[in-house]
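**Q** Let me begin by handing over the structure; questions about it come next.
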Amino acid sequence: MKMKRNMLALTSRDLLCTLFLCLVCSAQKLPGRDPNLQSLYSGFIVQDLTALPDGAEIAGFLMKDIPKRYYFIVEEDSSPVTVTVTPCEAPLQWTLTLQVLQDQTSQEGSGESETLHLQIDPKMPLYGQSVELFSYRGNDVESYAAAKSPSGIYRLDLVSIERDTIFNIYATTTPESDQPYPELPSDSRLGLTFVGHTSISLVWKPSLAITQFQQPAQYCVVINREHNYKSLCAVEAKLRESTYSKRVRWPDLDWRMPGSPRLASMANRPIIRARSTKFPAGRQGDIRKICTGTKNVFTVSQLTPSTQYYVDVFIVNLLTNASAAYIGTFVKTKDEVKRKVLEVKGGRVTEIPIKRGASRTLEYKPASSHRVVTLSLHSCYQPAHVQIRQNRKIVASQRVEGVKHFQFVGKPKARYQLHLRAGDAGRTLLKVHMTTHPNKQPFPSLPRDTRLKVFDRLRSCCSLTVAWLATQEANKYCIYRKQVTGQEDPKELQNHCLDPTTRSKSEKVSCQFFGGSSPQKAVMTERVEGLEPGRTYQLDVYVKGQGRHSVKYQSKIVKTRMTC
């Protein structure tokens with residue numbers, strides 16, 4: 001401790017030194033935590049004393065059931081004394097006692113012995129005896145504070161009652177000027193401004209350390225699923241358990257006690273967790289710590305729906321690393337929105353409209369006895385993404401553009417779930433068909449390239465020649481043409497599901513069957529005549545297979561020549 005204000009008389013100072021030397025000389029070192037040696041030190045009084053600095057927080061380590069003692073000296077009567085103990089990993093039991101002193105010479109020099117000016121109970125025992133001032137057992141941050149305390153040796157005894165642990169101690173005789181911990185506002189409760197399915201938003205009143213005293217400080221938000229934390233060192237200890245734990249070997253010390261042999265076995269050396277002053281803000285285990293700087297609003301995202309979380313906020317002094325805790329709270333995220341599952345009936349085509357960025361879920365339950373399940377998808381507008389599950393196991397996941405066919409080996413009592421999602425480019429419309437009869441396909445197969453090709457050399461003022469790729473299947477191909485005026489709906493050009501029955505008969509050019517040829521020779525051509533010079537036309541090709549549904553190739557916009 002620092003020397004405070006006026007010095008005591010020489011006899012009083014000598015008495016303090018004499019008493020302290022007696023305590024230290026009689027101290028004994030404790031052995032390691034070998035269970036076989038518990039009986040050796042159970043009868044001893046632990047008097048290894050460590051001096052506490054005045055006005056600074058220190059960290060310590062305790063092994064279970066092995067106490068530690070600290071001391072500090074108050075040389076003046078009526079001095080303010082504050083002692084704060086912060087448990088980090090486990091509950092502590094700690095006691096603060098005062099060793100009462102007696103001055104040998106009165107201030108008038110009469111030579112008569114009289115007690116120092118103690119502002120305590122008159123029944124308190126005098127020199128040579130200890131008086132218990134405060135005792136606590138638990139894991140809260142607890143303090144002893146007295147505005148006027150007597151002079152003497154103050155002793156702090158600590159013991160961990162559950163397991164090895166770390167802790168912090170702060171002691172001072174000038175609490176008003178030290179201000180070791182950042183000051184909290186008068187209302188230190190946390191407020192919730194938003195609670196969603198996977199995120200929550202917090203707000204809290206700013207600390208005076210930032211708004212008034214301009215101290216270098218920051219806020220840290222802690223969220224977990226177990227309980228609220230009462231100190232930041234408890235949070236850091238939890239974070240260290242998974243990432244920063246390591247074994248520290250004890251040096252080969254000569255652990256001896258009077259009348260006891262040297263401890264040969266060091267198998268039960270404790271594990272000390274490495275201390276770190278800075279931790280990543282990412283998730284470690286079931287706890288997250290995120291520092292927000294001086295912002296007193298924050299949104300925590302990537303949470304689990306329908307889950308209770310405990311939230312704490314700490315204000316941390318960046319120079320001393322001392323912290324103070326706001327009043328923690330807890331919140332339960334909203335229940336997960338159950339997706340509406342649409343049941344698909346076998347052998348029928350179902351149209352599924354999906355908005356941009358949205359998704360739909362479908363389910364198909366085939367008959368108990370089936371060998372094969374065939375899925376056909378036709379994307380009418382923008383491409384979509386499909387994920388297919390068979391009995392909750394993902395069996396396919398890919399992008400769908402145009403027509404796609406899937407086939408799966410049947411399983412008894414199998415269920416098929418389709419998760420369809422539209423992209424960010426725009427809305428889409430999907431036609432879905434599922435069946436256990438693989439020969440019954442509603443949509444014809446398409447080639448990989450569904451573009452139409454117009455030969456520029458064969459383009460005249462009144463005719464065009466168009467070509468497209470076909471497939472080996474025997475399908476019917478029909479070509480349509482329509483003069484473009486500029487007032488057409490652009491969505492109509494993108495819709496590949498429009499049926500030719502919606503077209504005017506005057507727009508039909510011709511129909512022809514094709515199939516059976518090799519893929520290299522599956523090229524079809526058609527000459528479109530009867531066009532007007534200098535006009536713009538839209539060309540469309542529809543293909544129809546064994547089913548009743550047609551599929552349209554990509555539309556082609558082309559202009560005839562002005563002169564022949």
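Residue numbering restarts at 1 for every chain of the structure tokens, chains are lettered A, B, ... in their displayed order, and ligands are numbered from 1 as they appear.
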Need to verify the contact set: Met434 (chain A), 10 Å, only C-alpha atoms, exclusion of same-chain residues closer than 6 positions in sequence. Can you return it as number ranges by chain?

**A** A: 344-350, 364-366, 373-377, 405-407, 416, 440-442

**Q** Env of region 77-86 of chain A: 8 Å cut, atoms = only C-alpha atoms, seq-sep filter 6 positions within chain, self excluded. Answer as a ChimeraX atom specification.

**A** /A:116-119,139-151,167-175,231

**Q** Can you write out the residues you just picked, keeping N, CA and C atoms, as a short mmCIF file (atom, residue, chain, number, x, y, z; two decimals), in the first residue's frame?

**A**
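Output (result04.cif):
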```cif
data_model
loop_
_atom_site.label_atom_id
_atom_site.label_comp_id
_atom_site.auth_asym_id
_atom_site.auth_seq_id
_atom_site.Cartn_x
_atom_site.Cartn_y
_atom_site.Cartn_z
N LEU A 116 -5.05 2.70 19.53
CA LEU A 116 -5.17 3.66 18.43
C LEU A 116 -6.63 4.06 18.27
N HIS A 117 -6.86 5.15 17.60
CA HIS A 117 -8.22 5.68 17.45
C HIS A 117 -9.01 4.82 16.48
N LEU A 118 -9.70 3.82 16.97
CA LEU A 118 -10.47 2.90 16.14
C LEU A 118 -11.93 3.32 16.11
N GLN A 119 -12.44 3.53 14.92
CA GLN A 119 -13.85 3.88 14.77
C GLN A 119 -14.66 2.60 14.56
N ASN A 139 -20.65 -16.30 -6.48
CA ASN A 139 -19.94 -15.92 -7.69
C ASN A 139 -20.29 -14.52 -8.18
N ASP A 140 -20.89 -13.70 -7.30
CA ASP A 140 -21.17 -12.32 -7.65
C ASP A 140 -19.94 -11.46 -7.44
N VAL A 141 -19.90 -10.33 -8.14
CA VAL A 141 -18.87 -9.33 -7.88
C VAL A 141 -19.30 -8.58 -6.62
N GLU A 142 -18.57 -8.75 -5.53
CA GLU A 142 -18.97 -8.22 -4.22
C GLU A 142 -17.88 -7.30 -3.70
N SER A 143 -18.31 -6.28 -2.93
CA SER A 143 -17.37 -5.29 -2.41
C SER A 143 -17.62 -5.04 -0.93
N TYR A 144 -16.56 -4.71 -0.22
CA TYR A 144 -16.63 -4.17 1.14
C TYR A 144 -16.18 -2.73 1.07
N ALA A 145 -16.96 -1.82 1.62
CA ALA A 145 -16.62 -0.41 1.57
C ALA A 145 -16.96 0.23 2.91
N ALA A 146 -16.02 0.97 3.46
CA ALA A 146 -16.20 1.70 4.72
C ALA A 146 -15.61 3.09 4.56
N ALA A 147 -16.39 4.12 4.90
CA ALA A 147 -15.91 5.49 4.76
C ALA A 147 -14.84 5.83 5.78
N LYS A 148 -14.92 5.27 6.99
CA LYS A 148 -13.94 5.52 8.04
C LYS A 148 -13.53 4.18 8.64
N SER A 149 -12.30 3.82 8.39
CA SER A 149 -11.80 2.54 8.87
C SER A 149 -10.61 2.76 9.79
N PRO A 150 -10.42 1.88 10.78
CA PRO A 150 -9.29 2.03 11.69
C PRO A 150 -7.99 1.60 11.03
N SER A 151 -6.88 2.02 11.60
CA SER A 151 -5.57 1.59 11.12
C SER A 151 -5.34 0.15 11.55
N PHE A 167 -9.38 -15.17 -10.49
CA PHE A 167 -10.18 -14.13 -9.86
C PHE A 167 -9.43 -12.82 -9.97
N ASN A 168 -10.12 -11.73 -9.67
CA ASN A 168 -9.54 -10.39 -9.64
C ASN A 168 -9.81 -9.76 -8.28
N ILE A 169 -8.84 -8.96 -7.81
CA ILE A 169 -8.97 -8.23 -6.54
C ILE A 169 -8.61 -6.78 -6.79
N TYR A 170 -9.41 -5.91 -6.19
CA TYR A 170 -9.10 -4.48 -6.22
C TYR A 170 -9.26 -3.93 -4.81
N ALA A 171 -8.25 -3.22 -4.32
CA ALA A 171 -8.29 -2.62 -2.98
C ALA A 171 -7.74 -1.20 -3.07
N THR A 172 -8.34 -0.29 -2.30
CA THR A 172 -7.91 1.10 -2.32
C THR A 172 -8.27 1.80 -1.02
N THR A 173 -7.50 2.82 -0.69
CA THR A 173 -7.85 3.72 0.43
C THR A 173 -8.20 5.10 -0.09
N THR A 174 -8.28 5.25 -1.40
CA THR A 174 -8.71 6.52 -2.01
C THR A 174 -9.74 6.23 -3.10
N PRO A 175 -10.89 5.69 -2.72
CA PRO A 175 -11.87 5.26 -3.74
C PRO A 175 -12.44 6.41 -4.56
N SER A 231 -19.47 -10.83 -14.78
CA SER A 231 -18.20 -10.14 -14.96
C SER A 231 -17.62 -10.50 -16.31
#
```

**Q** Point out the residue among A:Gly402, A:Pro438, A:Gly426, A:Pro305 with the least atom-to-atom distance to Arg451 (chain A), counting only C-alpha atoms.

**A** A:Gly402

**Q** Near Thr563 (chain A), counting only C-alpha atoms, which residues have an atom at most 10 Å away, once you skip same-chain residues fewer than 2 positions from it, shown as an MDAnalysis selection string?

**A** chainID A and resid 460:462 533:534 560:561

**Q** If you run DSSP on this backbone, which residues of region 433-555 of chain A come out as strand (DSSP E or B), and could you give them as a ChimeraX atom specification?

**A** /A:433-435,453-454,463-469,475-483,508-514,523-529,536-544,550-552

**Q** From the options A:Val159, A:Ile66, A:Val409, A:Val297, which residue's atoms come nearest to Thr436 (chain A), counting only C-alpha atoms?

**A**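 Closest candidate: A:Val409.
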